[in-house]
Amino acid sequence: MSRPTALLRKGAVALLAGLMAAVSLAGAARAQSGPDEVAPRQALVSAAHPVAVEAGLQILRQGGSAMDAAVAIEAMLGLVEPQSSGLGGGAFILYFDAATGTVRAYDGRETAPAAAAPNMFLDESGRPLSRAQAMLSGRATGAPGAVPVLALAHAAHGRLDWSRLFDGTIAVAEAGFTITPRLAEHIHGSFPQAAAPDVQAYFSRPDGSRMQVGDRLVNPAYAGVLRRIAVEGPAALQRGPVAEAIVQRTAGSPLAGSLTTADLAAYQARAVDPVCRPYRVYVICVPPPPSSGAALLQLMALLDRTDIAERGPDDAVAWVQFAEASRLMYADRDRYFGDPAFVGVPVTGLLDPAYLDSRAALIGRHAAGTAPTHGYPAGVVIPGPDATDEPGGTTHFVVVDFDGNVASVTATVESYFGSGRMVHGFFLNNQMTDFSFRPTDPDGSPAANAVAGGKRPRSSMSPVIVLDRDGRLVAALGSPGGNAILAYNAKALVGLLAWDLSLLESFSLPNLVARGASFNGEASRLPAAMREELDRRGVTVRPGSGEDSGLHGVVVGPTGLTGAADQRREGVAIVLERRP
């Protein structure tokens with residue numbers, strides 16, 4: 001029995017220390033070369049904006065590690081893709097260390113202010129606020145975790161000096177960058193933040209009109225705060241004038257928040273053990289709660305108990321199986337997942353083979369007539385129903401350095417442009433709206449994801465690293481998309497690992513997000529005959545939600561690295577080569 005199998009049989013969910021052979025991607029590539037040929041070493045960046053990709057490539061060219069490049073990429077994304085992530089948000093990081101063969105996870109989820117109350121998103125009559133009211137309120141912002149988690153992971157895996165990692169973004173912020181079609185779409189969007197005063201001011205031309213595609217936007221304030229971060233690290237946002245500006249901006253109306261400088265100073269990112277489980281001949285690793293990565297593992301395990309792999313993407317029954325497994329997963333995830341420092345999240349029970357067998361037995365060739373309810377895994381304390389609604393913002397990127405180290409990073413400010421409030425050239429998150437607006441059910445049972453002071457809201461962010469059973473890297477990927485992230489990631493993993501599609505083909509499969517009684521997604525990407533067959537089997541895919549994935553990733557093949565960027569967005573994947 002191999003060491004990975006032995007550890008998995010013991011229920012190991014931690015570092016996989018000693019699990020993997022110390023094999024780098026460069027070594028794997030050289031093994032494929034002929035006796036007279038020395039294969040080039042390779043590195044890669046796949047991210048949602050070409051300028052951010054170039055920022056990462058520049059760091060790799062300078063000899064930086066995957067984590068060095070990740071810091072530079074996220075700094076740049078906060079400038080050129082501010083609708084999705086930034087300094088005022090949070091992130092989850094998975095890191096594969098090629099030299100030791102270990103996977104580490106880092107939790108940079110935002111935290112609620114100490115004074116946050118369970119009823120803070122209820123009105124005076126006890127009814128939930130509208131999402132628009134909540135997202136634009138001062139109550140929406142938690143203590144940011146993006147910079148602290150990048151610094152924590154960099155301290156463990158960085159090679160270049162922290163202060164060098166922001167130069168490229170500072171230069172772009174001062175010289176200006178070009179508004180892309182996707183950013184312009186959000187500048188002119190119909191969602192509430194697009195009309196927020198700070199958003200309108202930031203994206204206005206001198207004559208007061210809104211910026212358009214091709215306009216140049218400069219942000220000297222962002223360059224200034226990056227200079228502070230380069231010198232001071234996370235303390236630049238957690239103490240001093242920037243921290244005070246964050247607190248002041250969240251204290252403004254409507255619905256002033258309770259965030260304090262003490263909350264910002266107290267924030268700590270966490271190095272945590274990943275959760276790893278087998279799927280077919282692979283091992284999939286994800287971050288632990290409050291990430292929903294373990295729910296993704298549950299979904300993959302449910303699918304592994306069907307014959308979806310033999311059916312392939314052109315079989316309607318395969319998509320029914322995907323939909324039904326998704327609905328079962330979401331029913332459990334929505335009921336049980338929250339911050340494990342505050343509630344017991346039954347990860348072991350949800351991934352127990354006997355429990356998975358019982359849930360998989362509910363998956364048929366036709367959709368169940370009613371939405372599935374949550375199950376009862378071992379070790380669970382039944383919480384009340386959840387009322388969390390996650391918008392589809394966020395970004396994901398993947399970096400591989402020349403030594404085979406990999407960073408898989410999902411970052412966010414929650415909804416588009418976060419709360420719509422800006423300080424020092426960056427937007428503040430609205431992550432507190434990722435809590436359940438209703439803290440209890442009618443009989444008073446608390447929701448697992450209810451608001452509490454110092455608590456981290458549940459997140460669908462689930463960056464992925466895939467290994468073979470000998471611990472060698474197979475792939476890394478992830479996506480933005482709110483609660484649909486789990487379906488997007490699962491679709492890509494099924495395509496890649498079960499249907500033997502290329503990474504880009506896997507990303508390009510139709511999106512189907514089945515949750516509760518709804519089957520949402522890309523109906524237009526399904527052939528007419530497939531839609532008719534799915535209709536007959538009880539899966540009527542409706543457009544309007546679940547279309548906008550942003551998958552980015554890498555796979556390791558016999559000849560080296562292949563990257564892909566979801567063609568639904570503006571990202572690119574670029575491989576660098578260097579002769580030894």
# chains A, B, ... in the order shown; residues from 1 in each chain; ligands from 1

call {"tool": "closest_atom_pairs", "arguments": {"of": "range 511-548 of chain A", "to": "range 316-335 of chain A", "cutoff": "7 Å", "atoms": "only C-alpha atoms", "output": "tab-separated table"}}
result
residue	atom	partner	partner_atom	distance
A:Ala514	CA	A:Ala323	CA	5.2
A:Arg515	CA	A:Arg327	CA	4.7
A:Gly516	CA	A:Arg327	CA	5.9
A:Met530	CA	A:Ala316	CA	6.0
A:Glu533	CA	A:Ala316	CA	6.4
A:Leu534	CA	A:Ala316	CA	6.0
A:Val539	CA	A:Val320	CA	6.8

call {"tool": "residues_around", "arguments": {"residues": "Tyr106 in chain A", "least_positions_apart": "6", "cutoff": "8 Å", "atoms": "only C-alpha atoms", "output": "PyMOL selection string"}}
result
chain A and resi 92-94+149+152-153+269-272+287

call {"tool": "write_last_selection", "arguments": {"atoms": "all heavy atoms", "output": "PDB file, in the first residue's frame"}}
result
ATOM      1  N   PHE A  92      -8.242  32.865   0.055  1.00  0.00           N
ATOM      2  CA  PHE A  92      -7.755  31.556   0.481  1.00  0.00           C
ATOM      3  C   PHE A  92      -6.632  31.144  -0.467  1.00  0.00           C
ATOM      4  O   PHE A  92      -6.729  31.353  -1.686  1.00  0.00           O
ATOM      5  CB  PHE A  92      -8.859  30.497   0.442  1.00  0.00           C
ATOM      6  CG  PHE A  92      -9.861  30.619   1.551  1.00  0.00           C
ATOM      7  CD1 PHE A  92     -11.050  31.312   1.357  1.00  0.00           C
ATOM      8  CD2 PHE A  92      -9.618  30.048   2.789  1.00  0.00           C
ATOM      9  CE1 PHE A  92     -11.986  31.425   2.373  1.00  0.00           C
ATOM     10  CE2 PHE A  92     -10.541  30.164   3.819  1.00  0.00           C
ATOM     11  CZ  PHE A  92     -11.724  30.856   3.614  1.00  0.00           C
ATOM     12  N   ILE A  93      -5.581  30.550   0.088  1.00  0.00           N
ATOM     13  CA  ILE A  93      -4.411  30.146  -0.687  1.00  0.00           C
ATOM     14  C   ILE A  93      -4.108  28.678  -0.428  1.00  0.00           C
ATOM     15  O   ILE A  93      -4.111  28.235   0.726  1.00  0.00           O
ATOM     16  CB  ILE A  93      -3.174  30.986  -0.303  1.00  0.00           C
ATOM     17  CG1 ILE A  93      -3.425  32.477  -0.548  1.00  0.00           C
ATOM     18  CG2 ILE A  93      -1.930  30.515  -1.066  1.00  0.00           C
ATOM     19  CD1 ILE A  93      -2.342  33.377   0.025  1.00  0.00           C
ATOM     20  N   LEU A  94      -3.864  27.925  -1.491  1.00  0.00           N
ATOM     21  CA  LEU A  94      -3.272  26.589  -1.397  1.00  0.00           C
ATOM     22  C   LEU A  94      -1.888  26.671  -2.020  1.00  0.00           C
ATOM     23  O   LEU A  94      -1.731  27.267  -3.100  1.00  0.00           O
ATOM     24  CB  LEU A  94      -4.093  25.549  -2.142  1.00  0.00           C
ATOM     25  CG  LEU A  94      -5.272  24.885  -1.446  1.00  0.00           C
ATOM     26  CD1 LEU A  94      -5.764  23.723  -2.297  1.00  0.00           C
ATOM     27  CD2 LEU A  94      -4.942  24.402  -0.061  1.00  0.00           C
ATOM     28  N   VAL A 149      -2.892  37.583   4.711  1.00  0.00           N
ATOM     29  CA  VAL A 149      -2.685  36.188   4.303  1.00  0.00           C
ATOM     30  C   VAL A 149      -1.591  36.075   3.256  1.00  0.00           C
ATOM     31  O   VAL A 149      -0.802  35.112   3.255  1.00  0.00           O
ATOM     32  CB  VAL A 149      -4.006  35.548   3.819  1.00  0.00           C
ATOM     33  CG1 VAL A 149      -4.368  35.957   2.396  1.00  0.00           C
ATOM     34  CG2 VAL A 149      -3.918  34.027   3.917  1.00  0.00           C
ATOM     35  N   LEU A 152       1.587  36.253   5.267  1.00  0.00           N
ATOM     36  CA  LEU A 152       1.834  35.026   6.018  1.00  0.00           C
ATOM     37  C   LEU A 152       2.374  33.935   5.102  1.00  0.00           C
ATOM     38  O   LEU A 152       3.365  33.247   5.427  1.00  0.00           O
ATOM     39  CB  LEU A 152       0.546  34.563   6.690  1.00  0.00           C
ATOM     40  CG  LEU A 152       0.621  33.274   7.506  1.00  0.00           C
ATOM     41  CD1 LEU A 152       1.547  33.447   8.706  1.00  0.00           C
ATOM     42  CD2 LEU A 152      -0.779  32.848   7.965  1.00  0.00           C
ATOM     43  N   ALA A 153       1.753  33.748   3.953  1.00  0.00           N
ATOM     44  CA  ALA A 153       2.210  32.718   3.018  1.00  0.00           C
ATOM     45  C   ALA A 153       3.563  33.082   2.422  1.00  0.00           C
ATOM     46  O   ALA A 153       4.408  32.205   2.185  1.00  0.00           O
ATOM     47  CB  ALA A 153       1.172  32.514   1.914  1.00  0.00           C
ATOM     48  N   ALA A 269      -4.304  36.322   9.863  1.00  0.00           N
ATOM     49  CA  ALA A 269      -4.451  35.244   8.885  1.00  0.00           C
ATOM     50  C   ALA A 269      -3.987  33.937   9.529  1.00  0.00           C
ATOM     51  O   ALA A 269      -3.244  33.946  10.516  1.00  0.00           O
ATOM     52  CB  ALA A 269      -3.638  35.548   7.640  1.00  0.00           C
ATOM     53  N   ARG A 270      -4.415  32.815   8.965  1.00  0.00           N
ATOM     54  CA  ARG A 270      -4.129  31.525   9.581  1.00  0.00           C
ATOM     55  C   ARG A 270      -3.465  30.578   8.583  1.00  0.00           C
ATOM     56  O   ARG A 270      -3.905  30.464   7.437  1.00  0.00           O
ATOM     57  CB  ARG A 270      -5.427  30.854  10.060  1.00  0.00           C
ATOM     58  CG  ARG A 270      -6.230  31.637  11.073  1.00  0.00           C
ATOM     59  CD  ARG A 270      -7.595  30.994  11.228  1.00  0.00           C
ATOM     60  NE  ARG A 270      -8.414  31.624  12.251  1.00  0.00           N
ATOM     61  CZ  ARG A 270      -9.716  31.396  12.425  1.00  0.00           C
ATOM     62  NH1 ARG A 270     -10.334  30.545  11.616  1.00  0.00           N
ATOM     63  NH2 ARG A 270     -10.390  32.002  13.374  1.00  0.00           N
ATOM     64  N   ALA A 271      -2.419  29.897   9.030  1.00  0.00           N
ATOM     65  CA  ALA A 271      -1.909  28.727   8.311  1.00  0.00           C
ATOM     66  C   ALA A 271      -2.679  27.521   8.821  1.00  0.00           C
ATOM     67  O   ALA A 271      -2.706  27.262  10.029  1.00  0.00           O
ATOM     68  CB  ALA A 271      -0.418  28.562   8.550  1.00  0.00           C
ATOM     69  N   VAL A 272      -3.350  26.816   7.939  1.00  0.00           N
ATOM     70  CA  VAL A 272      -4.249  25.728   8.344  1.00  0.00           C
ATOM     71  C   VAL A 272      -3.953  24.479   7.519  1.00  0.00           C
ATOM     72  O   VAL A 272      -3.310  24.539   6.470  1.00  0.00           O
ATOM     73  CB  VAL A 272      -5.728  26.136   8.172  1.00  0.00           C
ATOM     74  CG1 VAL A 272      -6.129  27.202   9.187  1.00  0.00           C
ATOM     75  CG2 VAL A 272      -5.994  26.650   6.751  1.00  0.00           C
ATOM     76  N   PRO A 287      -8.916  24.039   0.904  1.00  0.00           N
ATOM     77  CA  PRO A 287      -8.833  24.599   2.252  1.00  0.00           C
ATOM     78  C   PRO A 287      -9.966  24.095   3.134  1.00  0.00           C
ATOM     79  O   PRO A 287     -11.032  23.695   2.639  1.00  0.00           O
ATOM     80  CB  PRO A 287      -8.966  26.119   2.026  1.00  0.00           C
ATOM     81  CG  PRO A 287      -8.812  26.327   0.553  1.00  0.00           C
ATOM     82  CD  PRO A 287      -9.260  25.062  -0.091  1.00  0.00           C
TER      83      PRO A 287
END

call {"tool": "residues_around", "arguments": {"residues": "Val45 in chain A", "least_positions_apart": "6", "cutoff": "8 Å", "atoms": "only C-alpha atoms", "output": "PDB file with all heavy atoms, in the first residue's frame"}}
result
ATOM      1  N   VAL A  53      -1.213  38.990 -15.233  1.00  0.00           N
ATOM      2  CA  VAL A  53      -0.367  37.863 -15.632  1.00  0.00           C
ATOM      3  C   VAL A  53       1.063  38.331 -15.849  1.00  0.00           C
ATOM      4  O   VAL A  53       2.020  37.713 -15.383  1.00  0.00           O
ATOM      5  CB  VAL A  53      -0.928  37.191 -16.901  1.00  0.00           C
ATOM      6  CG1 VAL A  53       0.059  36.173 -17.464  1.00  0.00           C
ATOM      7  CG2 VAL A  53      -2.256  36.510 -16.590  1.00  0.00           C
ATOM      8  N   GLY A  56       2.996  38.873 -12.656  1.00  0.00           N
ATOM      9  CA  GLY A  56       3.518  37.634 -12.096  1.00  0.00           C
ATOM     10  C   GLY A  56       4.700  37.093 -12.869  1.00  0.00           C
ATOM     11  O   GLY A  56       5.681  36.610 -12.282  1.00  0.00           O
ATOM     12  N   LEU A  57       4.636  37.164 -14.203  1.00  0.00           N
ATOM     13  CA  LEU A  57       5.741  36.681 -15.023  1.00  0.00           C
ATOM     14  C   LEU A  57       7.022  37.455 -14.750  1.00  0.00           C
ATOM     15  O   LEU A  57       8.123  36.879 -14.735  1.00  0.00           O
ATOM     16  CB  LEU A  57       5.368  36.773 -16.508  1.00  0.00           C
ATOM     17  CG  LEU A  57       4.215  35.889 -16.974  1.00  0.00           C
ATOM     18  CD1 LEU A  57       3.889  36.181 -18.438  1.00  0.00           C
ATOM     19  CD2 LEU A  57       4.533  34.406 -16.791  1.00  0.00           C
ATOM     20  N   PHE A 397      -6.523  32.749  -9.505  1.00  0.00           N
ATOM     21  CA  PHE A 397      -5.342  32.643 -10.349  1.00  0.00           C
ATOM     22  C   PHE A 397      -4.440  31.532  -9.846  1.00  0.00           C
ATOM     23  O   PHE A 397      -4.534  31.089  -8.694  1.00  0.00           O
ATOM     24  CB  PHE A 397      -4.577  33.974 -10.435  1.00  0.00           C
ATOM     25  CG  PHE A 397      -4.061  34.509  -9.123  1.00  0.00           C
ATOM     26  CD1 PHE A 397      -2.789  34.181  -8.668  1.00  0.00           C
ATOM     27  CD2 PHE A 397      -4.834  35.373  -8.359  1.00  0.00           C
ATOM     28  CE1 PHE A 397      -2.298  34.686  -7.473  1.00  0.00           C
ATOM     29  CE2 PHE A 397      -4.352  35.890  -7.162  1.00  0.00           C
ATOM     30  CZ  PHE A 397      -3.079  35.551  -6.717  1.00  0.00           C
ATOM     31  N   VAL A 398      -3.574  31.058 -10.747  1.00  0.00           N
ATOM     32  CA  VAL A 398      -2.648  29.963 -10.457  1.00  0.00           C
ATOM     33  C   VAL A 398      -1.255  30.372 -10.936  1.00  0.00           C
ATOM     34  O   VAL A 398      -1.110  30.952 -12.019  1.00  0.00           O
ATOM     35  CB  VAL A 398      -3.085  28.661 -11.147  1.00  0.00           C
ATOM     36  CG1 VAL A 398      -1.990  27.595 -11.073  1.00  0.00           C
ATOM     37  CG2 VAL A 398      -4.367  28.128 -10.525  1.00  0.00           C
ATOM     38  N   VAL A 399      -0.244  30.059 -10.125  1.00  0.00           N
ATOM     39  CA  VAL A 399       1.155  30.332 -10.478  1.00  0.00           C
ATOM     40  C   VAL A 399       1.973  29.066 -10.263  1.00  0.00           C
ATOM     41  O   VAL A 399       1.818  28.385  -9.242  1.00  0.00           O
ATOM     42  CB  VAL A 399       1.768  31.449  -9.608  1.00  0.00           C
ATOM     43  CG1 VAL A 399       3.141  31.843 -10.155  1.00  0.00           C
ATOM     44  CG2 VAL A 399       0.857  32.657  -9.515  1.00  0.00           C
ATOM     45  N   VAL A 400       2.846  28.767 -11.211  1.00  0.00           N
ATOM     46  CA  VAL A 400       3.849  27.715 -11.057  1.00  0.00           C
ATOM     47  C   VAL A 400       5.210  28.358 -11.287  1.00  0.00           C
ATOM     48  O   VAL A 400       5.398  29.047 -12.301  1.00  0.00           O
ATOM     49  CB  VAL A 400       3.651  26.566 -12.067  1.00  0.00           C
ATOM     50  CG1 VAL A 400       4.657  25.449 -11.802  1.00  0.00           C
ATOM     51  CG2 VAL A 400       2.231  26.037 -12.022  1.00  0.00           C
ATOM     52  N   GLY A 563      -1.504  25.505 -19.389  1.00  0.00           N
ATOM     53  CA  GLY A 563      -2.418  26.358 -18.642  1.00  0.00           C
ATOM     54  C   GLY A 563      -3.671  26.657 -19.443  1.00  0.00           C
ATOM     55  O   GLY A 563      -3.722  26.436 -20.653  1.00  0.00           O
ATOM     56  N   ALA A 573      -3.365  32.495 -19.988  1.00  0.00           N
ATOM     57  CA  ALA A 573      -2.420  31.595 -19.322  1.00  0.00           C
ATOM     58  C   ALA A 573      -1.158  31.564 -20.166  1.00  0.00           C
ATOM     59  O   ALA A 573      -1.218  31.272 -21.360  1.00  0.00           O
ATOM     60  CB  ALA A 573      -3.005  30.197 -19.170  1.00  0.00           C
ATOM     61  N   ILE A 574      -0.017  31.873 -19.552  1.00  0.00           N
ATOM     62  CA  ILE A 574       1.248  31.969 -20.289  1.00  0.00           C
ATOM     63  C   ILE A 574       2.302  31.113 -19.604  1.00  0.00           C
ATOM     64  O   ILE A 574       2.467  31.183 -18.380  1.00  0.00           O
ATOM     65  CB  ILE A 574       1.718  33.435 -20.387  1.00  0.00           C
ATOM     66  CG1 ILE A 574       0.705  34.253 -21.197  1.00  0.00           C
ATOM     67  CG2 ILE A 574       3.102  33.517 -21.025  1.00  0.00           C
ATOM     68  CD1 ILE A 574       1.060  35.713 -21.341  1.00  0.00           C
ATOM     69  N   VAL A 575       3.005  30.317 -20.411  1.00  0.00           N
ATOM     70  CA  VAL A 575       4.097  29.476 -19.928  1.00  0.00           C
ATOM     71  C   VAL A 575       5.422  30.137 -20.272  1.00  0.00           C
ATOM     72  O   VAL A 575       5.632  30.590 -21.409  1.00  0.00           O
ATOM     73  CB  VAL A 575       4.031  28.074 -20.557  1.00  0.00           C
ATOM     74  CG1 VAL A 575       5.247  27.235 -20.138  1.00  0.00           C
ATOM     75  CG2 VAL A 575       2.745  27.362 -20.171  1.00  0.00           C
TER      76      VAL A 575
END

call {"tool": "atom_distance", "arguments": {"atom1": "CA of Leu44 in chain A", "atom2": "CA of Asn219 in chain A"}}
result
28.1 Å

call {"tool": "select_by_dssp", "arguments": {"residues": "range 493-573 of chain A", "states": "alpha helix (DSSP H)", "output": "compact mmCIF listing (two decimals) with all heavy atoms, in the first residue's frame"}}
result
# COMPACT_ATOMS: atom_id res chain seq x y z
N LEU A 493 -13.24 19.61 -12.83
CA LEU A 493 -12.56 18.41 -12.35
C LEU A 493 -13.11 17.16 -13.01
O LEU A 493 -12.36 16.23 -13.37
CB LEU A 493 -12.68 18.31 -10.84
CG LEU A 493 -11.88 19.35 -10.05
CD1 LEU A 493 -12.29 19.35 -8.58
CD2 LEU A 493 -10.38 19.11 -10.18
N LEU A 503 -7.66 20.76 -20.32
CA LEU A 503 -8.07 21.73 -19.30
C LEU A 503 -9.00 22.78 -19.90
O LEU A 503 -10.03 23.11 -19.31
CB LEU A 503 -6.83 22.39 -18.69
CG LEU A 503 -7.07 23.27 -17.47
CD1 LEU A 503 -7.68 22.47 -16.32
CD2 LEU A 503 -5.76 23.92 -17.00
N LEU A 504 -8.67 23.30 -21.06
CA LEU A 504 -9.53 24.30 -21.69
C LEU A 504 -10.88 23.72 -22.07
O LEU A 504 -11.92 24.37 -21.89
CB LEU A 504 -8.84 24.90 -22.91
CG LEU A 504 -9.60 26.04 -23.60
CD1 LEU A 504 -9.87 27.19 -22.62
CD2 LEU A 504 -8.84 26.55 -24.82
N GLU A 505 -10.90 22.50 -22.57
CA GLU A 505 -12.18 21.84 -22.89
C GLU A 505 -13.01 21.66 -21.62
O GLU A 505 -14.24 21.83 -21.65
CB GLU A 505 -11.93 20.49 -23.54
CG GLU A 505 -11.40 20.57 -24.96
CD GLU A 505 -10.96 19.22 -25.49
OE1 GLU A 505 -10.61 18.33 -24.67
OE2 GLU A 505 -10.95 19.05 -26.73
N SER A 506 -12.35 21.34 -20.51
CA SER A 506 -13.07 21.16 -19.24
C SER A 506 -13.67 22.48 -18.77
O SER A 506 -14.81 22.53 -18.31
CB SER A 506 -12.12 20.60 -18.19
OG SER A 506 -11.60 19.35 -18.59
N PHE A 507 -12.90 23.55 -18.88
CA PHE A 507 -13.40 24.86 -18.50
C PHE A 507 -14.57 25.28 -19.39
O PHE A 507 -15.49 25.98 -18.95
CB PHE A 507 -12.30 25.91 -18.61
CG PHE A 507 -11.22 25.82 -17.56
CD1 PHE A 507 -10.13 26.68 -17.60
CD2 PHE A 507 -11.29 24.88 -16.53
CE1 PHE A 507 -9.14 26.61 -16.63
CE2 PHE A 507 -10.29 24.79 -15.57
CZ PHE A 507 -9.21 25.67 -15.62
N SER A 508 -14.54 24.87 -20.66
CA SER A 508 -15.55 25.32 -21.63
C SER A 508 -16.83 24.51 -21.60
O SER A 508 -17.80 24.87 -22.29
CB SER A 508 -14.95 25.27 -23.04
OG SER A 508 -13.81 26.11 -23.13
N ALA A 528 -29.74 21.33 -28.49
CA ALA A 528 -31.20 21.28 -28.34
C ALA A 528 -31.66 19.88 -27.92
O ALA A 528 -32.53 19.74 -27.04
CB ALA A 528 -31.86 21.69 -29.64
N ALA A 529 -31.07 18.85 -28.50
CA ALA A 529 -31.49 17.49 -28.14
C ALA A 529 -31.13 17.17 -26.69
O ALA A 529 -31.90 16.48 -26.00
CB ALA A 529 -30.81 16.48 -29.07
N MET A 530 -30.01 17.69 -26.23
CA MET A 530 -29.61 17.49 -24.83
C MET A 530 -30.60 18.20 -23.90
O MET A 530 -31.02 17.63 -22.88
CB MET A 530 -28.20 18.01 -24.61
CG MET A 530 -27.75 18.00 -23.15
SD MET A 530 -27.31 16.36 -22.56
CE MET A 530 -25.71 16.15 -23.34
N ARG A 531 -30.97 19.43 -24.23
CA ARG A 531 -31.93 20.17 -23.39
C ARG A 531 -33.26 19.44 -23.31
O ARG A 531 -33.88 19.35 -22.26
CB ARG A 531 -32.13 21.59 -23.93
CG ARG A 531 -30.92 22.49 -23.77
CD ARG A 531 -31.32 23.96 -23.86
NE ARG A 531 -32.03 24.28 -25.08
CZ ARG A 531 -31.44 24.64 -26.22
NH1 ARG A 531 -30.13 24.69 -26.30
NH2 ARG A 531 -32.18 24.93 -27.29
N GLU A 532 -33.71 18.91 -24.44
CA GLU A 532 -34.99 18.19 -24.45
C GLU A 532 -34.92 16.94 -23.57
O GLU A 532 -35.85 16.64 -22.82
CB GLU A 532 -35.35 17.82 -25.89
CG GLU A 532 -35.70 19.03 -26.77
CD GLU A 532 -35.90 18.65 -28.23
OE1 GLU A 532 -35.84 17.42 -28.53
OE2 GLU A 532 -36.09 19.55 -29.06
N GLU A 533 -33.80 16.22 -23.68
CA GLU A 533 -33.66 15.02 -22.87
C GLU A 533 -33.57 15.37 -21.39
O GLU A 533 -34.15 14.68 -20.54
CB GLU A 533 -32.42 14.24 -23.31
CG GLU A 533 -32.17 12.95 -22.54
CD GLU A 533 -33.28 11.92 -22.73
OE1 GLU A 533 -34.05 12.03 -23.72
OE2 GLU A 533 -33.38 11.00 -21.90
N LEU A 534 -32.85 16.44 -21.05
CA LEU A 534 -32.77 16.87 -19.66
C LEU A 534 -34.14 17.30 -19.14
O LEU A 534 -34.51 17.00 -17.99
CB LEU A 534 -31.77 18.02 -19.52
CG LEU A 534 -30.29 17.64 -19.66
CD1 LEU A 534 -29.42 18.89 -19.65
CD2 LEU A 534 -29.87 16.71 -18.52
N ASP A 535 -34.90 17.98 -19.98
CA ASP A 535 -36.27 18.35 -19.59
C ASP A 535 -37.09 17.11 -19.24
O ASP A 535 -37.81 17.09 -18.23
CB ASP A 535 -36.96 19.11 -20.73
CG ASP A 535 -36.48 20.55 -20.87
OD1 ASP A 535 -35.84 21.05 -19.93
OD2 ASP A 535 -36.74 21.16 -21.93
N ARG A 536 -36.98 16.09 -20.07
CA ARG A 536 -37.75 14.86 -19.83
C ARG A 536 -37.32 14.19 -18.52
O ARG A 536 -38.11 13.49 -17.88
CB ARG A 536 -37.57 13.89 -21.00
CG ARG A 536 -38.35 14.25 -22.24
CD ARG A 536 -38.40 13.10 -23.23
NE ARG A 536 -37.09 12.83 -23.81
CZ ARG A 536 -36.65 13.40 -24.92
NH1 ARG A 536 -37.41 14.28 -25.56
NH2 ARG A 536 -35.46 13.07 -25.40

call {"tool": "residues_around", "arguments": {"residues": "range 196-203 of chain A", "least_positions_apart": "4", "cutoff": "6 Å", "atoms": "only C-alpha atoms", "output": "VMD selection string"}}
result
chain A and resid 210 to 211 420 to 422

call {"tool": "closest_residue", "arguments": {"among": "A:Arg41, A:Arg456, A:Arg139, A:Arg542", "to": "Glu577 in chain A", "atoms": "only C-alpha atoms"}}
result
A:Arg41

call {"tool": "residues_around", "arguments": {"residues": "Ala378 in chain A", "least_positions_apart": "2", "cutoff": "9 Å", "atoms": "only C-alpha atoms", "output": "short mmCIF file (atom, residue, chain, number, x, y, z; two decimals) with N, CA and C atoms, in the first residue's frame"}}
result
data_model
loop_
_atom_site.label_atom_id
_atom_site.label_comp_id
_atom_site.auth_asym_id
_atom_site.auth_seq_id
_atom_site.Cartn_x
_atom_site.Cartn_y
_atom_site.Cartn_z
N PRO A 346 -19.19 19.36 10.47
CA PRO A 346 -18.94 17.91 10.48
C PRO A 346 -18.23 17.42 9.22
N THR A 348 -15.62 15.45 8.80
CA THR A 348 -15.35 14.01 8.80
C THR A 348 -16.62 13.21 8.52
N GLY A 349 -17.73 13.62 9.13
CA GLY A 349 -18.98 12.93 8.90
C GLY A 349 -19.49 13.06 7.48
N LEU A 350 -19.36 14.26 6.91
CA LEU A 350 -19.83 14.50 5.56
C LEU A 350 -19.02 13.70 4.53
N ASP A 352 -17.48 10.76 5.30
CA ASP A 352 -17.41 9.35 5.70
C ASP A 352 -17.98 8.47 4.59
N TYR A 355 -21.68 7.44 4.95
CA TYR A 355 -22.61 8.56 4.73
C TYR A 355 -22.69 8.90 3.25
N TYR A 376 -27.85 13.67 7.74
CA TYR A 376 -27.48 13.66 9.15
C TYR A 376 -26.14 12.93 9.33
N VAL A 380 -22.79 15.60 13.99
CA VAL A 380 -23.45 16.87 13.70
C VAL A 380 -24.33 17.31 14.86
#

call {"tool": "residues_around", "arguments": {"residues": "Arg568 in chain A", "least_positions_apart": "5", "cutoff": "10 Å", "atoms": "only C-alpha atoms", "output": "PDB file with N, CA and C atoms, in the first residue's frame"}}
result
ATOM      1  N   PHE A 507     -12.898  23.546 -18.884  1.00  0.00           N
ATOM      2  CA  PHE A 507     -13.401  24.865 -18.502  1.00  0.00           C
ATOM      3  C   PHE A 507     -14.574  25.283 -19.393  1.00  0.00           C
ATOM      4  N   SER A 508     -14.543  24.872 -20.656  1.00  0.00           N
ATOM      5  CA  SER A 508     -15.546  25.315 -21.628  1.00  0.00           C
ATOM      6  C   SER A 508     -16.833  24.511 -21.600  1.00  0.00           C
ATOM      7  N   GLU A 547     -23.874  31.461 -15.166  1.00  0.00           N
ATOM      8  CA  GLU A 547     -23.153  31.469 -16.434  1.00  0.00           C
ATOM      9  C   GLU A 547     -21.712  31.955 -16.316  1.00  0.00           C
ATOM     10  N   ASP A 548     -21.413  32.784 -15.331  1.00  0.00           N
ATOM     11  CA  ASP A 548     -20.204  33.600 -15.374  1.00  0.00           C
ATOM     12  C   ASP A 548     -19.052  33.001 -14.571  1.00  0.00           C
ATOM     13  N   SER A 549     -18.597  31.828 -14.962  1.00  0.00           N
ATOM     14  CA  SER A 549     -17.420  31.255 -14.319  1.00  0.00           C
ATOM     15  C   SER A 549     -16.172  32.020 -14.758  1.00  0.00           C
ATOM     16  N   GLY A 550     -15.102  31.828 -14.010  1.00  0.00           N
ATOM     17  CA  GLY A 550     -13.813  32.435 -14.340  1.00  0.00           C
ATOM     18  C   GLY A 550     -12.707  31.479 -13.959  1.00  0.00           C
ATOM     19  N   LEU A 551     -12.772  30.279 -14.498  1.00  0.00           N
ATOM     20  CA  LEU A 551     -11.825  29.227 -14.151  1.00  0.00           C
ATOM     21  C   LEU A 551     -10.428  29.537 -14.702  1.00  0.00           C
TER      22      LEU A 551
END
